[in-house]
Amino acid sequence: MKTNTYVIFNGNSIPFNEGESVAAALLRSGEESLRETRFHGKPRAIFCGIGVCFDCVVAIDGVPNQRACIIECREGMKIESRP
Amino acid sequence: MIAIIGAGPAGLAAAISAAQSGQHVLVLDSAPRMGGQFWRHRDFVKGYRSEKAVEIFESFRKSNSVSHISGASVWSVEKSQDGFLINYLKNGKEECAHCEKLIIATGGYDRALPFPGWDTPGSITAGGAQAMLKGQSLVVGEKIVVAGTGPFLLPVATGLAEAGAQIVGIYEANNPLRWALSPFALLLNLSKFGEFLHYRKLMRRHGIALHFGKIATSFVEGEVSISKVRTRSGGQIIAADAIATGWGFMPDLTIPGIVGCNQKVDRFGNVYCESNWEQRSSINNVWVAGESTGIGGADLALVEGAIAGLSATGARIELRLLLRRWRLRIFAKALQRSYPVPKNWTSWLKPETTICRCEEVPYQSIEDSIRELGAKDSRGVKLFTRCGMGLCQGRTCSRNVSEIVQQITGAEISDAERLAYSNRPVAAPIPLGILGDGKKN
């Protein structure tokens, strides 16, 4: 699938396909973790994949704690690994 | 107006049957597209086109009296003078919908058990692996172990293999001979044999071995440990870059709980929402359908949804539907009986194993809170350790914490505790300001 739409993840441009979730776009592009935990700084990616477990939370356009697995990418969306 | 919360099989079936009456039906769902978890597939993902889903989506779209609001996270439901007020967030904004009658079809999610390494990237629930594949065409690893219990492991493993992953093995904790306990359920549902044969064919095609009585007990630095469920012997180390685990499903009972619908505990310790023969809950003008009434799968959810939709509009409920529901419920019970979670599952935990993923609480802290601080139930542990106080509101860990307390103290888990950990006052995270401003439109 070719794409010319991008989101910004921690300052880097990441391509995405129409309708793709934030988590899927980031993992597909080779990112292994989406954030680090608050207390121990451990990497976390996706776990439940359906919006239940909140393990994949990232800040999206400045709003913290957004679930990457259920939010769809939008052109120019700014995603940050922070709580 | 009739409002339906949830656009999975149960919610969609309810909407279509209710719309036959010509009454206005509103379906609210948190996902960007209808279909729920079961029909979340996109047409471009190989092997996941479902004729039934196409048919249902078509009749849903053709109906003039149903409307669908996607991306709506319902966070509470209040009683109003003549019905219910549904509060939800859409695109971060507060919205409200009013209805006279309410059908709740909020589905369920994977039960996950902790093990060393379950909180590292590469470890995912079986349902999560399936969701990424069906919904996003993303395969979660190259070399994947599928473990846990239940027939759901088979479509997950074969789906991933069809998509190009190497499945190192399926590790099913239970023995298939447990089905001997449920001969009647099998006889009534012979078509399930056909499904099994279908998956067996796919497993053969991809050379996937199915091991019984075995569990994955850790996933550390690309190595999965496998051992026998009874003796914990026969330790075997397998290289894999991902592990998908599933231990059955749990209903999401938050919204039925907020509305006040009566809930019960079955003999396997599962909490479910009570419903009568018409799928009515204990609250007037509220119906429940699908996984909320007890885990039973999509076929049962479709029947329950259809019955709820007919009942809500006062239409006649055909005997055919009631018989089908009876037959499928017997099968659902047999699944519970055949695929229990091993009683001694806590024995594979290590002191440093994370139990509450949100608040990063290790097993040791929970054990200390019980042995040294005197915590007697999951609530006590929560107060001492913050276990279950994170963003997921205990959806992932609180049942596990209760069972850890049970293992350590030897005390049975009370029904009150099970009801408490299945319910929460707010169904989706909301900004605090929304609770305060009292805005209603």
# chains A, B, ... in the order shown; residues from 1 in each chain; ligands from 1

$ interface_residues --of "chain B" --to "chain A" --cutoff "8 Å" --atoms "only C-alpha atoms" --output "VMD selection string"
chain B and resid 31 to 32 37 109 to 110 119 to 125 127 to 129 131 to 132 136 138 357 to 358 360 391 to 392 395 to 396

$ write_last_selection --atoms "N, CA and C atoms" --output "compact mmCIF listing (two decimals), in the first residue's frame"
# COMPACT_ATOMS: atom_id res chain seq x y z
N ALA B 31 -16.47 2.94 18.30
CA ALA B 31 -15.50 2.70 17.23
C ALA B 31 -15.76 3.61 16.03
N PRO B 32 -14.75 3.79 15.18
CA PRO B 32 -14.96 4.62 13.99
C PRO B 32 -15.92 3.98 12.97
N GLN B 37 -16.19 -5.79 17.74
CA GLN B 37 -14.90 -6.49 17.65
C GLN B 37 -14.96 -7.62 16.65
N TYR B 109 -14.43 -8.28 26.36
CA TYR B 109 -13.02 -8.17 25.99
C TYR B 109 -12.26 -9.38 26.54
N ASP B 110 -11.04 -9.57 26.04
CA ASP B 110 -10.22 -10.71 26.45
C ASP B 110 -9.94 -10.71 27.93
N ASP B 119 4.01 -7.65 30.07
CA ASP B 119 3.90 -6.21 29.91
C ASP B 119 5.00 -5.66 29.01
N THR B 120 5.63 -6.53 28.22
CA THR B 120 6.65 -6.03 27.30
C THR B 120 6.11 -6.00 25.88
N PRO B 121 6.65 -5.12 25.02
CA PRO B 121 6.19 -5.09 23.63
C PRO B 121 6.37 -6.48 23.01
N GLY B 122 5.39 -6.91 22.22
CA GLY B 122 5.44 -8.26 21.64
C GLY B 122 4.46 -9.18 22.33
N SER B 123 4.07 -8.85 23.56
CA SER B 123 3.03 -9.62 24.24
C SER B 123 1.71 -8.89 24.03
N ILE B 124 0.74 -9.63 23.52
CA ILE B 124 -0.54 -9.03 23.17
C ILE B 124 -1.65 -10.02 23.50
N THR B 125 -2.86 -9.57 23.72
CA THR B 125 -3.94 -10.53 23.94
C THR B 125 -4.28 -11.18 22.59
N GLY B 127 -7.18 -11.55 21.36
CA GLY B 127 -8.13 -10.65 20.70
C GLY B 127 -7.44 -9.44 20.10
N GLY B 128 -6.39 -8.97 20.77
CA GLY B 128 -5.64 -7.82 20.26
C GLY B 128 -4.93 -8.17 18.97
N ALA B 129 -4.32 -9.37 18.95
CA ALA B 129 -3.62 -9.81 17.73
C ALA B 129 -4.61 -9.91 16.57
N ALA B 131 -7.51 -8.30 16.36
CA ALA B 131 -8.00 -6.96 16.03
C ALA B 131 -7.01 -6.24 15.12
N MET B 132 -5.73 -6.35 15.42
CA MET B 132 -4.73 -5.68 14.59
C MET B 132 -4.72 -6.28 13.19
N GLN B 136 -6.62 -3.85 10.87
CA GLN B 136 -5.53 -2.99 10.41
C GLN B 136 -4.59 -3.69 9.45
N LEU B 138 -2.36 -5.72 10.15
CA LEU B 138 -1.03 -5.68 10.75
C LEU B 138 -0.78 -6.99 11.50
N ARG B 357 -0.95 -3.24 35.16
CA ARG B 357 -0.11 -2.65 34.12
C ARG B 357 -0.12 -1.13 34.19
N CYS B 358 -1.30 -0.54 34.51
CA CYS B 358 -1.42 0.92 34.52
C CYS B 358 -0.55 1.54 35.60
N GLU B 360 1.73 -0.07 37.40
CA GLU B 360 3.01 -0.79 37.54
C GLU B 360 3.20 -1.40 38.93
N LEU B 391 -5.76 4.05 34.48
CA LEU B 391 -6.66 4.48 33.42
C LEU B 391 -7.67 3.40 33.01
N CYS B 392 -7.29 2.13 33.08
CA CYS B 392 -8.24 1.10 32.62
C CYS B 392 -9.26 0.79 33.70
N ARG B 395 -10.07 -2.87 34.70
CA ARG B 395 -10.67 -3.84 33.77
C ARG B 395 -9.73 -5.01 33.53
N THR B 396 -8.43 -4.73 33.47
CA THR B 396 -7.48 -5.79 33.16
C THR B 396 -7.10 -6.58 34.41

$ residues_around --residues "Glu417 in chain B" --least-positions-apart "5" --cutoff "10 Å" --atoms "only C-alpha atoms" --output "list in words"
Asp377, Ser378, Arg379, Ser398, Arg399, Ser402 and Ser422 of chain B

$ select_by_dssp --residues "chain A" --states "strand (DSSP E or B)" --output "MDAnalysis selection string"
chainID A and resid 5:9 12:16 21 35:36 43:44 57:60 63:67 72 78:80

$ residues_around --residues "Ala216 in chain B" --least-positions-apart "6" --cutoff "7 Å" --atoms "only C-alpha atoms" --output "list in words"
Ala147, Val224, Ser225, Ile226 and Ser227 of chain B

$ residues_around --residues "Arg82 in chain A" --least-positions-apart "3" --cutoff "8 Å" --atoms "only C-alpha atoms" --output "VMD selection string"
chain A and resid 35 to 36 58 to 59 64

$ residues_around --residues "Pro116 in chain B" --least-positions-apart "2" --cutoff "6 Å" --atoms "only C-alpha atoms" --output "compact mmCIF listing (two decimals) with C-alpha atoms, in the first residue's frame"
# COMPACT_ATOMS: atom_id res chain seq x y z
CA TRP B 118 3.34 -9.96 29.62
CA SER B 218 7.04 -16.38 30.63
CA THR B 353 5.92 -9.65 37.73

$ residues_around --residues "Arg418 in chain B" --least-positions-apart "4" --cutoff "9 Å" --atoms "only C-alpha atoms" --output "NGL selection string"
:B and (265 or 269-271 or 399 or 402 or 413-414 or 422-423)

$ closest_residue --among "A:Glu75, A:Asp61, A:Gly30, A:Arg67" --to "Phe16 in chain A" --atoms "only C-alpha atoms"
A:Glu75

$ residues_around --residues "Tyr6 in chain A" --least-positions-apart "2" --cutoff "7 Å" --atoms "only C-alpha atoms" --output "ChimeraX atom specification"
/A:4,8,13-16,75-76

$ closest_residue --among "B:Glu372, B:Ser67, B:Leu113, B:Thr245" --to "Glu403 in chain B" --atoms "only C-alpha atoms"
B:Leu113

$ atom_distance --atom1 "CA of Ala7 in chain B" --atom2 "CA of Val27 in chain B"
6.6 Å

$ decode --residues "chain A" --atoms "C-alpha atoms" --output "CSV table (one decimal), in the first residue's frame"
chain,number,residue,atom,x,y,z
A,1,MET,CA,0.0,0.0,0.0
A,2,LYS,CA,1.4,3.4,-1.0
A,3,THR,CA,0.7,6.4,1.0
A,4,ASN,CA,1.5,10.1,1.0
A,5,THR,CA,-0.2,11.0,4.2
A,6,TYR,CA,1.8,11.5,7.4
A,7,VAL,CA,1.5,11.8,11.1
A,8,ILE,CA,4.3,13.3,13.3
A,9,PHE,CA,5.5,10.9,16.0
A,10,ASN,CA,8.0,12.4,18.5
A,11,GLY,CA,9.0,14.8,15.8
A,12,ASN,CA,9.4,12.2,13.0
A,13,SER,CA,7.1,11.8,9.9
A,14,ILE,CA,5.4,8.5,9.8
A,15,PRO,CA,3.3,7.4,6.8
A,16,PHE,CA,-0.2,6.1,7.3
A,17,ASN,CA,-3.0,4.6,5.2
A,18,GLU,CA,-6.6,5.9,5.1
A,19,GLY,CA,-8.5,4.6,8.2
A,20,GLU,CA,-5.4,3.2,9.9
A,21,SER,CA,-5.2,3.5,13.7
A,22,VAL,CA,-2.4,5.4,15.3
A,23,ALA,CA,-1.0,2.2,16.9
A,24,ALA,CA,-1.1,0.3,13.6
A,25,ALA,CA,0.7,3.1,11.6
A,26,LEU,CA,3.5,3.4,14.2
A,27,LEU,CA,4.1,-0.3,14.6
A,28,ARG,CA,4.0,-0.9,10.8
A,29,SER,CA,6.6,1.8,10.4
A,30,GLY,CA,8.9,-0.2,12.7
A,31,GLU,CA,8.4,1.6,16.0
A,32,GLU,CA,8.6,-1.1,18.7
A,33,SER,CA,7.2,0.9,21.6
A,34,LEU,CA,4.7,3.7,21.8
A,35,ARG,CA,5.6,5.1,25.2
A,36,GLU,CA,7.6,4.5,28.4
A,37,THR,CA,5.9,3.9,31.7
A,38,ARG,CA,5.7,6.7,34.3
A,39,PHE,CA,7.5,5.0,37.2
A,40,HIS,CA,10.0,2.6,35.7
A,41,GLY,CA,10.4,3.9,32.2
A,42,LYS,CA,9.5,0.5,30.7
A,43,PRO,CA,8.5,0.4,27.0
A,44,ARG,CA,4.9,-0.4,26.2
A,45,ALA,CA,3.2,-1.1,22.9
A,46,ILE,CA,-0.3,-2.5,22.3
A,47,PHE,CA,-1.9,-5.1,24.5
A,48,CYS,CA,-5.7,-5.4,24.2
A,49,GLY,CA,-5.8,-3.7,20.8
A,50,ILE,CA,-9.5,-2.7,21.4
A,51,GLY,CA,-9.4,0.3,23.7
A,52,VAL,CA,-9.9,-1.5,27.0
A,53,CYS,CA,-6.4,-1.7,28.7
A,54,PHE,CA,-5.0,1.9,28.0
A,55,ASP,CA,-1.5,0.5,27.6
A,56,CYS,CA,-1.0,2.3,24.3
A,57,VAL,CA,-1.8,5.8,25.5
A,58,VAL,CA,0.0,8.7,23.8
A,59,ALA,CA,-0.6,12.4,23.6
A,60,ILE,CA,-2.3,13.4,20.4
A,61,ASP,CA,-2.3,17.1,19.4
A,62,GLY,CA,-1.5,18.0,23.0
A,63,VAL,CA,-4.3,15.9,24.6
A,64,PRO,CA,-2.7,13.3,26.9
A,65,ASN,CA,-3.8,9.7,27.5
A,66,GLN,CA,-5.3,9.0,24.0
A,67,ARG,CA,-5.6,5.4,23.1
A,68,ALA,CA,-3.5,4.8,20.0
A,69,CYS,CA,-5.3,1.5,19.2
A,70,ILE,CA,-8.7,3.1,18.6
A,71,ILE,CA,-7.9,6.5,17.2
A,72,GLU,CA,-7.5,6.9,13.5
A,73,CYS,CA,-4.6,8.8,12.0
A,74,ARG,CA,-5.3,12.2,10.5
A,75,GLU,CA,-2.9,14.1,8.2
A,76,GLY,CA,-0.4,16.1,10.3
A,77,MET,CA,-1.6,14.7,13.6
A,78,LYS,CA,1.0,15.3,16.3
A,79,ILE,CA,1.7,12.2,18.4
A,80,GLU,CA,3.9,12.2,21.4
A,81,SER,CA,5.2,9.5,23.8
A,82,ARG,CA,4.3,11.1,27.0
A,83,PRO,CA,1.7,10.4,29.7
